[in-house]
Amino acid sequence: MYLDDIESTKDIEIPKDPIDRVIGQSRAVEKVKIAIRQRRHLLLVGPPGIGKSMLAQALALHLPKPKEEIRVVHNEKNPERPIVEIVTKDVLENEKREECPSGLIVTPREVPFFVAEQLGFRCSACGAISSDKEAICPNCGSNKYGHVRFNREFSPFGDIITEIFEIGSSRPEREVQTTRIGSEGKESILIYKKIGGEKIRVIDRDSLASNRIKKRKKVIVPINRIPFVHATGASETELLGDVRHDPYGSHPEIG
């Protein structure tokens with residue numbers, strides 16, 4: 001196709017592979033394709049503006065997605081010598097499921113009265129249990145979410161003052177924290193959290209915190225890392241001359 005044959009940009013066919021979009025570097029493009037097929041290292045050298053970064057970015061699109069993560073894990077036996085782990089994607093997914101607090105699943109009738117009231121299940125006026133989505137108790141007609149209660153029958157102002165207080169009442173909580181004394185006399189914190197379907201999850205916060213300490217880790221190379229990092233070398237650190245100790249200037253995508 002010649003320039004005289006082109007009437008608009010619609011006539012220009014854009015290659016699907018970004019590598020083929022680099023114009024004027026046919027030899028470099030061929031070397032990049034060979035490196036991709038053979039999974040070899042590649043060093044591109046040349047003046048600015050000839051397509052080195054574009055070729056490198058296009059090459060990164062051909063790389064397989066990372067399947068492993070490298071991290072440093074806390075060593076309980078010897079804290080000064082942490083453990084380096086290489087973890088696969090399947091292991092990471094299992095860990096995420098285990099880290100989710102399981103706890104005990106109960107119904108609103110099995111929790112303390114004040115917890116059920118704050119979560120919006122129990123009516124503080126008559127004690128009836130109903131859905132937390134119902135603001136008005138189906139048993140007595142009171143506002144379940146209100147903390148200030150008036151007796152409609154004996155109120156000298158009738159329903160007017162009652163409605164004012166009920167309109168200004170608070171909404172139910174998503175979770176409630178309480179304390180309990182264990183068999184050894186130790187105080188612990190319980191978390192009651194709504195999980196939908198009129199179910200409540202009871203979590204021991206102390207045991208949850210201890211599990212997090214045991215699983216304390218620092219990820220060095222994340223599994224969802226970016227395959228292409230554009231580090232130009234123009235950071236403050238490198239401009240000051242500390243290239244030897246920090247060659248990438250603490251690039252945020254490198255670490």
# chains A, B, ... in the order shown; residues from 1 in each chain; ligands from 1
call {"tool": "residues_around", "arguments": {"residues": "stretch 6-21 of chain A", "least_positions_apart": "6", "cutoff": "9 Å", "atoms": "only C-alpha atoms", "output": "list in words"}}
result
Val29, Val32, Lys33, Met54, Leu55, Ala56, Gln57, Ala58, Leu59 and Leu61 of chain A
call {"tool": "residues_around", "arguments": {"residues": "A:Ile129", "least_positions_apart": "2", "cutoff": "10 Å", "atoms": "only C-alpha atoms", "output": "PDB file with C-alpha atoms, in the first residue's frame"}}
result
ATOM      1  CA  PRO A 108     -30.782 -13.765  66.472  1.00  0.00           C
ATOM      2  CA  ARG A 109     -32.495 -15.824  69.183  1.00  0.00           C
ATOM      3  CA  ALA A 116     -30.060  -8.670  68.860  1.00  0.00           C
ATOM      4  CA  GLU A 117     -31.575  -5.225  69.469  1.00  0.00           C
ATOM      5  CA  GLY A 120     -31.987  -4.735  64.407  1.00  0.00           C
ATOM      6  CA  PHE A 121     -33.499  -8.184  64.969  1.00  0.00           C
ATOM      7  CA  ARG A 122     -35.151  -7.808  68.364  1.00  0.00           C
ATOM      8  CA  CYS A 123     -37.791  -5.279  69.312  1.00  0.00           C
ATOM      9  CA  SER A 124     -36.854  -3.575  72.569  1.00  0.00           C
ATOM     10  CA  CYS A 126     -41.996  -6.348  73.160  1.00  0.00           C
ATOM     11  CA  GLY A 127     -38.968  -8.605  72.632  1.00  0.00           C
ATOM     12  CA  SER A 131     -36.074  -9.362  60.088  1.00  0.00           C
ATOM     13  CA  ASP A 132     -33.467  -6.635  60.517  1.00  0.00           C
ATOM     14  CA  CYS A 137     -42.020  -4.489  64.721  1.00  0.00           C
ATOM     15  CA  PRO A 138     -44.741  -6.689  63.169  1.00  0.00           C
ATOM     16  CA  ASN A 139     -45.805  -7.804  66.653  1.00  0.00           C
ATOM     17  CA  LYS A 144     -37.294  -1.466  66.504  1.00  0.00           C
TER      18      LYS A 144
END
call {"tool": "atom_distance", "arguments": {"atom1": "atom CA of A:Arg40", "atom2": "atom CA of A:Ala60"}}
result
12.8 Å
call {"tool": "residues_around", "arguments": {"residues": "A:Leu44", "least_positions_apart": "2", "cutoff": "12 Å", "atoms": "only C-alpha atoms", "output": "PyMOL selection string"}}
result
chain A and resi 25+27-29+31-32+35+41-42+46-48+50-56+59
call {"tool": "write_last_selection", "arguments": {"atoms": "C-alpha atoms", "output": "CSV table (one decimal), in the first residue's frame"}}
result
chain,number,residue,atom,x,y,z
A,25,GLN,CA,13.0,-1.7,13.5
A,27,ARG,CA,15.7,-6.5,12.8
A,28,ALA,CA,15.0,-5.6,16.5
A,29,VAL,CA,11.4,-6.9,16.1
A,31,LYS,CA,15.2,-10.5,17.7
A,32,VAL,CA,12.3,-9.8,20.2
A,35,ALA,CA,13.6,-14.1,22.5
A,41,HIS,CA,17.1,-12.5,27.9
A,42,LEU,CA,17.3,-9.5,25.7
A,46,GLY,CA,20.0,2.7,21.3
A,47,PRO,CA,19.2,6.4,21.3
A,48,PRO,CA,15.9,7.7,22.6
A,50,ILE,CA,13.5,4.5,18.3
A,51,GLY,CA,11.0,2.1,20.0
A,52,LYS,CA,13.0,0.3,22.7
A,53,SER,CA,10.4,0.9,25.4
A,54,MET,CA,7.5,0.1,23.1
A,55,LEU,CA,9.2,-3.2,22.1
A,56,ALA,CA,9.8,-4.1,25.7
A,59,LEU,CA,7.2,-8.2,24.7
